[in-house]
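Enquirer: Contents of run_19.csv (CSV, C-alpha atoms) are below:
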```csv
chain,number,residue,atom,x,y,z
A,1,MET,CA,6.4,2.4,-12.4
A,2,THR,CA,7.3,3.6,-8.9
A,3,ILE,CA,8.4,1.2,-6.2
A,4,PRO,CA,5.4,1.9,-3.9
A,5,THR,CA,3.1,1.1,-6.8
A,6,GLN,CA,5.0,-2.1,-7.4
A,7,LEU,CA,4.7,-3.0,-3.8
A,8,VAL,CA,1.0,-2.5,-3.8
A,9,LEU,CA,0.6,-4.6,-7.0
A,10,ARG,CA,2.7,-7.4,-5.5
A,11,ALA,CA,0.5,-7.3,-2.4
A,12,LEU,CA,-2.6,-7.7,-4.6
A,13,LEU,CA,-1.0,-10.3,-6.8
A,14,ALA,CA,-0.1,-12.5,-3.8
A,15,ASP,CA,-3.7,-13.8,-4.0
A,16,PRO,CA,-5.6,-12.1,-6.8
A,17,ALA,CA,-8.9,-13.7,-5.8
A,18,GLN,CA,-8.8,-12.2,-2.4
A,19,GLU,CA,-10.2,-8.8,-1.8
A,20,LEU,CA,-8.3,-6.5,0.6
A,21,TYR,CA,-9.1,-3.1,2.2
A,22,GLY,CA,-6.7,-0.2,2.3
A,23,VAL,CA,-5.0,-0.9,5.6
A,24,GLU,CA,-4.5,-4.6,4.7
A,25,ILE,CA,-2.9,-3.6,1.4
A,26,GLY,CA,-0.6,-1.1,3.2
A,27,SER,CA,0.4,-3.7,5.7
A,28,ALA,CA,1.1,-6.3,3.1
A,29,ALA,CA,3.0,-3.9,1.0
A,30,GLY,CA,4.9,-2.5,4.0
A,31,LEU,CA,3.8,1.0,3.2
A,32,PRO,CA,2.8,3.7,5.7
A,33,SER,CA,-0.8,4.8,6.1
A,34,GLY,CA,-1.9,7.3,3.6
A,35,THR,CA,0.5,6.2,0.9
A,36,VAL,CA,-1.7,3.4,-0.3
A,37,HIS,CA,-4.9,5.3,-1.1
A,38,PRO,CA,-3.4,7.6,-3.8
A,39,ILE,CA,-1.9,4.6,-5.5
A,40,LEU,CA,-5.2,2.7,-5.3
A,41,ALA,CA,-7.1,5.7,-6.7
A,42,ARG,CA,-4.8,5.9,-9.7
A,43,LEU,CA,-4.9,2.2,-10.4
A,44,GLU,CA,-8.7,2.3,-10.1
A,45,THR,CA,-8.8,5.2,-12.5
A,46,VAL,CA,-6.9,3.3,-15.2
A,47,GLY,CA,-9.0,0.2,-14.7
A,48,TRP,CA,-6.5,-2.1,-13.1
A,49,LEU,CA,-8.5,-2.3,-9.8
A,50,THR,CA,-12.1,-2.5,-8.9
A,51,SER,CA,-13.5,-1.7,-5.5
A,52,ARG,CA,-16.8,-2.3,-3.7
A,53,TRP,CA,-18.3,-1.8,-0.3
A,54,GLU,CA,-18.3,-4.7,2.1
A,55,GLU,CA,-21.8,-6.2,2.4
A,56,ILE,CA,-22.4,-6.2,6.1
A,57,ASP,CA,-24.9,-4.9,8.5
A,58,PRO,CA,-23.1,-2.1,10.4
A,59,ARG,CA,-25.4,-2.5,13.4
A,60,THR,CA,-24.6,-6.2,13.7
A,61,GLU,CA,-20.8,-5.9,13.1
A,62,GLY,CA,-20.5,-2.7,15.2
A,63,ARG,CA,-18.5,-0.9,12.5
A,64,PRO,CA,-19.1,0.7,9.1
A,65,ALA,CA,-18.5,-1.3,5.9
A,66,ARG,CA,-15.0,-1.3,4.5
A,67,ARG,CA,-14.0,-0.6,0.9
A,68,TYR,CA,-12.5,-3.7,-0.6
A,69,TYR,CA,-10.1,-3.7,-3.6
A,70,ARG,CA,-9.1,-6.4,-6.1
A,71,LEU,CA,-7.4,-6.6,-9.5
A,72,THR,CA,-9.6,-6.7,-12.5
A,73,PRO,CA,-8.9,-9.5,-15.1
A,74,ASP,CA,-7.2,-7.0,-17.3
A,75,GLY,CA,-5.4,-5.4,-14.4
A,76,LEU,CA,-4.1,-8.8,-13.3
A,77,GLU,CA,-2.4,-9.4,-16.7
A,78,LEU,CA,-1.1,-5.9,-17.0
A,79,ALA,CA,0.2,-5.9,-13.4
A,80,GLN,CA,2.1,-9.1,-13.9
A,81,ALA,CA,3.6,-7.8,-17.2
A,82,ALA,CA,4.5,-4.5,-15.6
A,83,LEU,CA,6.2,-6.1,-12.6
A,84,ALA,CA,8.1,-8.4,-14.9
A,85,ARG,CA,9.3,-5.4,-16.9
A,86,ALA,CA,10.1,-3.6,-13.7
A,87,TYR,CA,12.2,-6.6,-12.6
A,88,THR,CA,14.0,-6.6,-15.9
A,89,ALA,CA,14.6,-2.9,-15.7
A,90,THR,CA,16.3,-3.3,-12.4
A,91,ALA,CA,18.2,-6.4,-13.5
A,92,ARG,CA,21.1,-7.4,-11.3
A,93,PRO,CA,24.7,-6.8,-12.6
A,94,ALA,CA,26.3,-9.8,-14.2
A,95,TRP,CA,28.5,-10.6,-11.1
A,96,LEU,CA,25.4,-11.0,-9.0
A,97,ARG,CA,23.5,-13.4,-11.3
A,98,PRO,CA,23.5,-17.1,-10.6
A,99,LEU,CA,25.8,-19.2,-12.7
A,100,GLY,CA,24.2,-20.1,-16.0
A,101,GLU,CA,21.8,-17.2,-16.2
A,102,GLU,CA,21.7,-15.5,-19.5
A,103,SER,CA,22.5,-11.8,-19.5
B,1,MET,CA,-26.2,5.8,13.2
B,2,THR,CA,-23.9,8.7,14.0
B,3,ALA,CA,-21.5,6.3,15.8
B,4,LEU,CA,-21.3,4.2,12.6
B,5,LEU,CA,-20.6,7.3,10.6
B,6,GLY,CA,-17.6,7.8,12.8
B,7,SER,CA,-18.6,10.5,15.2
B,8,ARG,CA,-17.0,10.9,18.6
B,9,GLY,CA,-16.4,7.3,19.5
B,10,THR,CA,-15.4,6.0,22.9
B,11,GLY,CA,-11.7,5.4,22.6
B,12,GLN,CA,-12.2,1.8,23.6
B,13,THR,CA,-10.2,-0.9,21.8
B,14,GLY,CA,-11.6,-1.2,18.3
B,15,GLN,CA,-13.6,2.0,18.4
B,16,PRO,CA,-12.2,5.1,16.8
B,17,THR,CA,-11.2,7.9,19.2
B,18,TRP,CA,-12.8,11.2,18.6
B,19,TRP,CA,-9.7,12.9,17.4
B,20,ALA,CA,-8.9,10.1,14.9
B,21,SER,CA,-12.4,10.3,13.6
B,22,TRP,CA,-12.1,14.1,13.4
B,23,ALA,CA,-8.8,13.8,11.6
B,24,VAL,CA,-9.9,11.4,8.9
B,25,ARG,CA,-13.1,13.3,8.4
B,26,SER,CA,-11.1,16.5,8.0
B,27,ALA,CA,-8.8,14.6,5.6
B,28,ALA,CA,-11.7,14.0,3.2
B,29,LEU,CA,-12.6,17.7,3.0
B,30,PRO,CA,-10.1,18.8,0.4
B,31,LEU,CA,-11.2,15.9,-1.9
B,32,PRO,CA,-13.5,16.5,-4.9
B,33,SER,CA,-17.1,16.6,-3.8
B,34,GLU,CA,-18.0,13.5,-5.8
B,35,HIS,CA,-15.3,11.4,-3.9
B,36,ARG,CA,-15.6,13.0,-0.5
B,37,TYR,CA,-18.3,10.9,1.1
B,38,ARG,CA,-16.7,7.7,-0.2
B,39,TYR,CA,-13.2,8.4,1.2
B,40,ARG,CA,-14.6,9.7,4.5
B,41,GLN,CA,-16.5,6.4,5.0
B,42,GLU,CA,-13.5,4.4,3.9
B,43,PHE,CA,-11.0,6.1,6.2
B,44,LEU,CA,-13.4,5.9,9.1
B,45,ALA,CA,-14.1,2.2,8.6
B,46,GLU,CA,-10.4,1.5,8.6
B,47,LEU,CA,-10.0,3.0,12.1
B,48,TYR,CA,-12.2,0.3,13.6
B,49,GLY,CA,-10.1,-2.5,15.2
B,50,MET,CA,-7.0,-0.4,15.7
B,51,THR,CA,-5.5,0.6,18.9
B,52,PRO,CA,-5.5,4.4,19.7
B,53,ALA,CA,-1.8,4.5,18.8
B,54,GLN,CA,-2.4,2.8,15.5
B,55,GLN,CA,-5.3,5.2,14.9
B,56,ARG,CA,-3.1,8.2,15.5
B,57,HIS,CA,-0.5,6.8,13.1
B,58,HIS,CA,-3.1,6.0,10.5
B,59,ALA,CA,-4.9,9.4,10.8
B,60,THR,CA,-1.6,11.3,10.5
B,61,GLY,CA,-0.6,9.3,7.5
B,62,VAL,CA,-4.0,9.9,5.8
B,63,LEU,CA,-3.8,13.6,6.6
B,64,SER,CA,-0.3,14.0,5.3
B,65,ARG,CA,-1.1,12.4,1.9
B,66,VAL,CA,-4.6,13.9,1.3
B,67,TRP,CA,-3.3,16.3,-1.3
B,68,THR,CA,-1.6,13.5,-3.2
B,69,LEU,CA,-4.9,11.6,-3.1
B,70,ARG,CA,-6.7,14.7,-4.4
B,71,ILE,CA,-4.2,14.9,-7.3
B,72,ALA,CA,-4.6,11.2,-8.0
B,73,LEU,CA,-8.4,11.7,-8.2
B,74,THR,CA,-8.3,14.9,-10.3
B,75,ASP,CA,-5.2,14.7,-12.4
B,76,PRO,CA,-3.5,11.3,-12.1
B,77,ALA,CA,-0.9,12.1,-14.8
B,78,ARG,CA,0.5,14.9,-12.6
B,79,LEU,CA,1.1,12.5,-9.7
B,80,LYS,CA,3.8,10.3,-11.2
B,81,PRO,CA,6.8,12.6,-11.1
B,82,LYS,CA,6.0,13.7,-7.6
B,83,GLU,CA,5.5,10.2,-6.4
B,84,ALA,CA,8.7,9.0,-8.1
B,85,ALA,CA,10.6,11.7,-6.4
B,86,MET,CA,9.4,10.5,-3.1
B,87,ALA,CA,9.7,6.9,-3.9
B,88,LYS,CA,12.9,6.0,-2.1
B,89,PRO,CA,12.6,6.0,1.7
B,90,TRP,CA,15.2,8.0,3.6
B,91,ARG,CA,16.4,4.8,5.4
B,92,CYS,CA,17.2,3.3,2.0
B,93,ARG,CA,19.0,6.4,0.9
B,94,LEU,CA,21.2,5.9,4.0
B,95,ARG,CA,21.6,2.3,3.0
B,96,LEU,CA,19.8,1.1,6.0
B,97,HIS,CA,17.7,-1.3,4.1
B,98,ARG,CA,15.0,-3.5,5.6
B,99,TRP,CA,15.9,-6.9,4.1
B,100,GLN,CA,13.5,-9.8,3.7
B,101,PHE,CA,14.8,-13.1,2.5
B,102,LEU,CA,13.1,-14.8,-0.4
B,103,ARG,CA,13.5,-17.7,-2.6
B,104,GLY,CA,13.5,-17.3,-6.4
B,105,ALA,CA,11.8,-19.5,-9.0
B,106,GLU,CA,15.0,-21.6,-9.4
B,107,GLY,CA,15.3,-22.1,-5.7
B,108,GLN,CA,18.1,-19.6,-5.1
B,109,MET,CA,17.9,-17.4,-2.0
B,110,TYR,CA,18.0,-13.7,-2.4
B,111,ARG,CA,17.2,-10.7,-0.3
B,112,GLU,CA,15.0,-7.8,-1.1
B,113,CYS,CA,14.4,-4.5,0.7
B,114,ARG,CA,10.9,-3.9,1.9
B,115,GLY,CA,11.2,-0.2,1.4
B,116,CYS,CA,12.8,0.3,-2.0
B,117,GLY,CA,12.7,-3.1,-3.6
B,118,LYS,CA,16.5,-3.4,-4.0
B,119,GLN,CA,17.6,-6.9,-4.5
B,120,ARG,CA,20.8,-8.8,-3.6
B,121,ILE,CA,21.8,-12.4,-4.1
B,122,ASP,CA,24.1,-13.7,-1.4
B,123,VAL,CA,26.1,-16.3,-3.2
B,124,TYR,CA,28.3,-17.0,-0.3
B,125,LYS,CA,25.7,-18.4,2.1
B,126,GLU,CA,22.4,-20.3,2.1
B,127,GLY,CA,20.4,-18.8,4.9
B,128,PRO,CA,19.9,-15.3,6.3
B,129,GLY,CA,22.6,-13.8,8.5
B,130,PRO,CA,23.6,-10.4,9.8
B,131,MET,CA,23.5,-7.9,7.0
B,132,TRP,CA,24.7,-4.3,7.2
B,133,GLY,CA,24.1,-1.5,4.8
B,134,GLY,CA,23.4,-2.0,1.1
```
Now that the file is in, can you turn its structure into C-alpha coordinates?

Expert:
Amino acid sequence: MTIPTQLVLRALLADPAQELYGVEIGSAAGLPSGTVHPILARLETVGWLTSRWEEIDPRTEGRPARRYYRLTPDGLELAQAALARAYTATARPAWLRPLGEES
Amino acid sequence: MTALLGSRGTGQTGQPTWWASWAVRSAALPLPSEHRYRYRQEFLAELYGMTPAQQRHHATGVLSRVWTLRIALTDPARLKPKEAAMAKPWRCRLRLHRWQFLRGAEGQMYRECRGCGKQRIDVYKEGPGPMWGG
(Lines of atoms letter the chains of each structure in order from A and count residues from 1; the text may use other names and numbers.)
(Lines give C-alpha, C1' and ligand atoms only; values in the text may rest on other atoms or scores of the structure.)
Protein backbone atom coordinates (compact mmCIF):
# COMPACT_ATOMS: atom_id res chain seq x y z
CA MET A 1 0.00 0.00 0.00
CA THR A 2 1.40 3.37 -0.97
CA ILE A 3 1.98 6.11 1.57
CA PRO A 4 -0.63 8.51 0.09
CA THR A 5 -3.21 5.71 0.34
CA GLN A 6 -2.21 5.12 3.95
CA LEU A 7 -2.58 8.84 4.68
CA VAL A 8 -6.06 8.89 3.13
CA LEU A 9 -7.11 5.84 5.14
CA ARG A 10 -5.77 7.34 8.34
CA ALA A 11 -7.73 10.52 7.69
CA LEU A 12 -10.91 8.49 7.23
CA LEU A 13 -10.16 6.25 10.22
CA ALA A 14 -9.73 9.24 12.52
CA ASP A 15 -13.51 9.26 12.86
CA PRO A 16 -15.04 6.44 10.81
CA ALA A 17 -18.58 7.64 11.46
CA GLN A 18 -17.90 11.05 9.97
CA GLU A 19 -18.34 11.64 6.28
CA LEU A 20 -15.78 13.84 4.54
CA TYR A 21 -15.60 15.35 1.08
CA GLY A 22 -12.53 15.32 -1.14
CA VAL A 23 -10.92 18.58 -0.05
CA GLU A 24 -11.45 17.76 3.63
CA ILE A 25 -9.82 14.36 3.16
CA GLY A 26 -6.89 15.92 1.32
CA SER A 27 -6.47 18.51 4.02
CA ALA A 28 -6.63 15.93 6.82
CA ALA A 29 -4.19 13.67 5.00
CA GLY A 30 -1.83 16.51 4.12
CA LEU A 31 -2.01 15.68 0.42
CA PRO A 32 -2.19 18.19 -2.42
CA SER A 33 -5.34 18.74 -4.44
CA GLY A 34 -5.87 16.21 -7.15
CA THR A 35 -3.95 13.45 -5.41
CA VAL A 36 -6.89 12.35 -3.31
CA HIS A 37 -9.53 11.65 -5.96
CA PRO A 38 -7.66 8.84 -7.76
CA ILE A 39 -7.08 7.15 -4.40
CA LEU A 40 -10.72 7.57 -3.42
CA ALA A 41 -11.84 6.21 -6.79
CA ARG A 42 -9.67 3.12 -6.39
CA LEU A 43 -10.80 2.51 -2.81
CA GLU A 44 -14.41 2.94 -3.87
CA THR A 45 -13.91 0.49 -6.73
CA VAL A 46 -12.65 -2.20 -4.36
CA GLY A 47 -15.52 -1.53 -1.94
CA TRP A 48 -13.61 0.00 0.95
CA LEU A 49 -15.39 3.34 0.57
CA THR A 50 -18.87 4.43 -0.20
CA SER A 51 -19.92 7.87 -1.34
CA ARG A 52 -23.12 9.85 -1.64
CA TRP A 53 -24.24 13.29 -2.65
CA GLU A 54 -24.89 15.75 0.13
CA GLU A 55 -28.60 16.27 0.67
CA ILE A 56 -29.02 20.01 0.48
CA ASP A 57 -31.04 22.47 -1.50
CA PRO A 58 -28.43 24.18 -3.70
CA ARG A 59 -30.57 27.32 -3.95
CA THR A 60 -30.75 27.69 -0.19
CA GLU A 61 -27.11 26.87 0.45
CA GLY A 62 -25.82 28.84 -2.52
CA ARG A 63 -23.58 26.03 -3.68
CA PRO A 64 -23.89 22.61 -5.32
CA ALA A 65 -24.04 19.44 -3.24
CA ARG A 66 -20.73 17.91 -2.27
CA ARG A 67 -19.78 14.28 -2.62
CA TYR A 68 -19.17 12.73 0.79
CA TYR A 69 -17.07 9.64 1.44
CA ARG A 70 -16.92 7.22 4.32
CA LEU A 71 -15.50 3.77 5.00
CA THR A 72 -17.79 0.80 4.57
CA PRO A 73 -17.95 -1.68 7.50
CA ASP A 74 -15.76 -4.09 5.53
CA GLY A 75 -13.48 -1.26 4.48
CA LEU A 76 -13.08 -0.19 8.09
CA GLU A 77 -11.77 -3.60 9.14
CA LEU A 78 -9.62 -4.03 6.05
CA ALA A 79 -8.16 -0.53 6.35
CA GLN A 80 -7.22 -1.06 10.00
CA ALA A 81 -5.60 -4.38 9.16
CA ALA A 82 -3.79 -2.93 6.14
CA LEU A 83 -2.43 -0.01 8.15
CA ALA A 84 -1.28 -2.35 10.91
CA ARG A 85 0.53 -4.44 8.30
CA ALA A 86 2.02 -1.33 6.74
CA TYR A 87 3.25 -0.20 10.15
CA THR A 88 4.84 -3.60 10.73
CA ALA A 89 6.41 -3.56 7.29
CA THR A 90 8.13 -0.28 8.09
CA ALA A 91 9.06 -1.39 11.58
CA ARG A 92 11.69 0.63 13.33
CA PRO A 93 15.21 -0.75 13.68
CA ALA A 94 15.95 -2.34 17.05
CA TRP A 95 17.98 0.58 18.32
CA LEU A 96 15.00 2.89 17.85
CA ARG A 97 12.49 0.74 19.68
CA PRO A 98 11.54 1.57 23.26
CA LEU A 99 13.10 -0.65 25.90
CA GLY A 100 11.13 -3.84 26.46
CA GLU A 101 9.50 -3.94 23.03
CA GLU A 102 9.73 -7.32 21.34
CA SER A 103 11.50 -7.45 17.99
CA MET B 1 -29.19 26.90 -12.17
CA THR B 2 -26.22 27.55 -14.41
CA ALA B 3 -24.44 29.25 -11.51
CA LEU B 4 -24.97 26.19 -9.40
CA LEU B 5 -23.54 24.03 -12.14
CA GLY B 6 -20.38 26.05 -11.90
CA SER B 7 -20.57 28.49 -14.73
CA ARG B 8 -18.75 31.76 -14.81
CA GLY B 9 -19.02 32.71 -11.14
CA THR B 10 -18.22 36.08 -9.69
CA GLY B 11 -14.83 35.67 -8.11
CA GLN B 12 -16.23 36.80 -4.77
CA THR B 13 -15.14 34.99 -1.64
CA GLY B 14 -16.69 31.57 -1.64
CA GLN B 15 -17.80 31.67 -5.26
CA PRO B 16 -15.71 29.94 -7.94
CA THR B 17 -13.88 32.19 -10.32
CA TRP B 18 -14.65 31.60 -13.99
CA TRP B 19 -11.22 30.18 -14.74
CA ALA B 20 -11.29 27.75 -11.82
CA SER B 21 -14.74 26.56 -12.94
CA TRP B 22 -13.49 26.23 -16.48
CA ALA B 23 -10.38 24.35 -15.35
CA VAL B 24 -12.22 21.75 -13.28
CA ARG B 25 -14.90 21.32 -15.94
CA SER B 26 -12.11 20.72 -18.45
CA ALA B 27 -10.49 18.29 -16.04
CA ALA B 28 -13.58 16.09 -16.19
CA LEU B 29 -13.53 15.84 -20.00
CA PRO B 30 -10.93 13.03 -20.29
CA LEU B 31 -12.83 10.89 -17.79
CA PRO B 32 -15.04 8.02 -18.98
CA SER B 33 -18.47 9.28 -19.95
CA GLU B 34 -20.25 7.39 -17.17
CA HIS B 35 -18.12 9.19 -14.55
CA ARG B 36 -17.75 12.58 -16.21
CA TYR B 37 -20.83 14.32 -14.85
CA ARG B 38 -20.26 13.08 -11.32
CA TYR B 39 -16.65 14.31 -11.12
CA ARG B 40 -17.45 17.60 -12.83
CA GLN B 41 -20.06 18.29 -10.15
CA GLU B 42 -17.78 17.06 -7.40
CA PHE B 43 -14.84 19.24 -8.45
CA LEU B 44 -17.08 22.27 -8.87
CA ALA B 45 -18.72 21.83 -5.47
CA GLU B 46 -15.31 21.69 -3.83
CA LEU B 47 -14.40 25.13 -5.20
CA TYR B 48 -17.12 26.81 -3.18
CA GLY B 49 -15.80 28.39 0.02
CA MET B 50 -12.24 28.67 -1.26
CA THR B 51 -10.33 31.86 -1.83
CA PRO B 52 -9.27 32.54 -5.45
CA ALA B 53 -5.71 31.46 -4.62
CA GLN B 54 -6.95 28.20 -3.12
CA GLN B 55 -9.16 27.68 -6.16
CA ARG B 56 -6.17 28.14 -8.47
CA HIS B 57 -4.15 25.65 -6.45
CA HIS B 58 -7.01 23.17 -6.32
CA ALA B 59 -7.87 23.45 -10.01
CA THR B 60 -4.22 23.02 -11.00
CA GLY B 61 -3.93 19.95 -8.80
CA VAL B 62 -7.08 18.41 -10.23
CA LEU B 63 -5.94 19.11 -13.80
CA SER B 64 -2.50 17.65 -13.18
CA ARG B 65 -3.88 14.37 -11.85
CA VAL B 66 -6.83 13.83 -14.14
CA TRP B 67 -5.10 11.09 -16.15
CA THR B 68 -4.31 9.26 -12.92
CA LEU B 69 -7.98 9.53 -12.01
CA ARG B 70 -8.93 8.21 -15.44
CA ILE B 71 -6.66 5.20 -14.94
CA ALA B 72 -8.08 4.67 -11.44
CA LEU B 73 -11.58 4.55 -12.93
CA THR B 74 -10.80 2.44 -15.97
CA ASP B 75 -7.89 0.21 -14.93
CA PRO B 76 -7.17 0.47 -11.19
CA ALA B 77 -4.58 -2.33 -11.24
CA ARG B 78 -2.38 -0.29 -13.58
CA LEU B 79 -2.25 2.64 -11.18
CA LYS B 80 -0.37 1.06 -8.34
CA PRO B 81 3.19 0.94 -9.77
CA LYS B 82 2.87 4.48 -11.10
CA GLU B 83 1.48 5.79 -7.84
CA ALA B 84 4.15 3.96 -5.86
CA ALA B 85 6.86 5.50 -7.98
CA MET B 86 5.52 8.96 -7.18
CA ALA B 87 4.81 8.21 -3.56
CA LYS B 88 7.78 9.87 -1.91
CA PRO B 89 7.62 13.66 -2.06
CA TRP B 90 10.73 15.46 -3.28
CA ARG B 91 11.16 17.21 0.07
CA CYS B 92 11.38 13.84 1.78
CA ARG B 93 13.90 12.59 -0.78
CA LEU B 94 16.04 15.56 0.24
CA ARG B 95 15.46 14.64 3.91
CA LEU B 96 13.49 17.82 4.50
CA HIS B 97 10.72 16.01 6.34
CA ARG B 98 7.67 17.75 7.74
CA TRP B 99 7.58 16.24 11.20
CA GLN B 100 4.50 16.04 13.36
CA PHE B 101 4.81 14.92 16.97
CA LEU B 102 2.55 12.11 18.13
CA ARG B 103 2.13 9.93 21.17
CA GLY B 104 2.04 6.14 20.81
CA ALA B 105 -0.30 3.70 22.50
CA GLU B 106 2.21 3.20 25.33
CA GLY B 107 2.55 6.94 25.86
CA GLN B 108 5.93 7.33 24.20
CA MET B 109 6.49 10.36 22.01
CA TYR B 110 7.50 9.88 18.41
CA ARG B 111 7.58 11.97 15.30
CA GLU B 112 6.21 11.13 11.89
CA CYS B 113 6.63 12.86 8.56
CA ARG B 114 3.39 14.18 7.08
CA GLY B 115 4.70 13.62 3.56
CA CYS B 116 6.15 10.10 3.54
CA GLY B 117 5.13 8.60 6.87
CA LYS B 118 8.70 8.09 8.09
CA GLN B 119 8.80 7.63 11.85
CA ARG B 120 11.41 8.43 14.45
CA ILE B 121 11.45 7.99 18.19
CA ASP B 122 13.42 10.60 20.06
CA VAL B 123 14.61 8.77 23.14
CA TYR B 124 16.71 11.64 24.34
CA LYS B 125 13.95 14.18 24.98
CA GLU B 126 10.28 14.32 25.87
CA GLY B 127 8.89 17.18 23.86
CA PRO B 128 9.38 18.55 20.38
CA GLY B 129 12.48 20.51 19.63
CA PRO B 130 14.39 21.73 16.61
CA MET B 131 14.76 18.88 14.14
CA TRP B 132 16.86 18.87 11.04
CA GLY B 133 16.90 16.44 8.20
CA GLY B 134 15.94 12.80 8.49

Enquirer: Distance CA of Pro32 (chain A)-CA of Val62 (chain B), one decimal place?

Expert: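 The value is 9.2 Å.
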
Enquirer: Could you check the closest approach to chain B for each of A:Asp74, A:Gln80, A:Ala17, A:Ala86 and tell me which residue wins, using all atoms listed in the file?

Expert: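 Using all atoms listed in the file, chain B sits closest to A:Ala86.
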
Enquirer: Counting all atoms listed in the file, which residues from chain B have an atom at most 6 Å from any atom of chain A, and could you show them as a ChimeraX atom specification?

Expert: /B:4,42,45,58,61-62,65,69,72,84

Enquirer: Nearest to Leu83 (chain A) among A:Leu9, A:Ile25, A:Ala14, A:Ile56, with distances taken over only C-alpha atoms: which residue is it?

Expert: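 Nearest candidate to Leu83 (chain A) out of A:Leu9, A:Ile25, A:Ala14, A:Ile56: A:Leu9.
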
Enquirer: If we count only C-alpha atoms, what is near Gly104 (chain B) at a cut-off of 12 Å, once residues fewer than 3 positions away on the same chain are taken out, given as JSON, numbers by chain?

Expert: {"A": [97, 98], "B": [101, 107, 108, 109, 110, 111, 112, 119, 120, 121]}

Enquirer: Near Arg40 (chain B), within 9 Å and counting all atoms listed in the file, which residues show up once chain neighbours fewer than 3 positions away are dropped, as a PyMOL selection string?

Expert: chain B and resi 5+24-29+35-37+43-45

Enquirer: Please produce a file of the residues just selected, as a PDB file, in the frame of the given file, where the atoms kept are C-alpha atoms.

Expert:
```pdb
ATOM      1  CA  LEU B   5     -20.600   7.300  10.600  1.00  0.00           C
ATOM      2  CA  VAL B  24      -9.900  11.400   8.900  1.00  0.00           C
ATOM      3  CA  ARG B  25     -13.100  13.300   8.400  1.00  0.00           C
ATOM      4  CA  SER B  26     -11.100  16.500   8.000  1.00  0.00           C
ATOM      5  CA  ALA B  27      -8.800  14.600   5.600  1.00  0.00           C
ATOM      6  CA  ALA B  28     -11.700  14.000   3.200  1.00  0.00           C
ATOM      7  CA  LEU B  29     -12.600  17.700   3.000  1.00  0.00           C
ATOM      8  CA  HIS B  35     -15.300  11.400  -3.900  1.00  0.00           C
ATOM      9  CA  ARG B  36     -15.600  13.000  -0.500  1.00  0.00           C
ATOM     10  CA  TYR B  37     -18.300  10.900   1.100  1.00  0.00           C
ATOM     11  CA  PHE B  43     -11.000   6.100   6.200  1.00  0.00           C
ATOM     12  CA  LEU B  44     -13.400   5.900   9.100  1.00  0.00           C
ATOM     13  CA  ALA B  45     -14.100   2.200   8.600  1.00  0.00           C
TER      14      ALA B  45
END
```

Enquirer: With all atoms listed in the file as the atoms that count, which of B:Cys113, B:Ala20, B:Ile71, B:Ala77 lies nearest to Ala59 (chain B)?

Expert: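 Of all the options, B:Ala20 lies closest to Ala59 (chain B).
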
Enquirer: How far is it from CA of Ser27 (chain A) to CA of Asp57 (chain A), in Å with one decimal?

Expert: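 Interatomic distance, CA of Ser27 (chain A) to CA of Asp57 (chain A): 25.5 Å.
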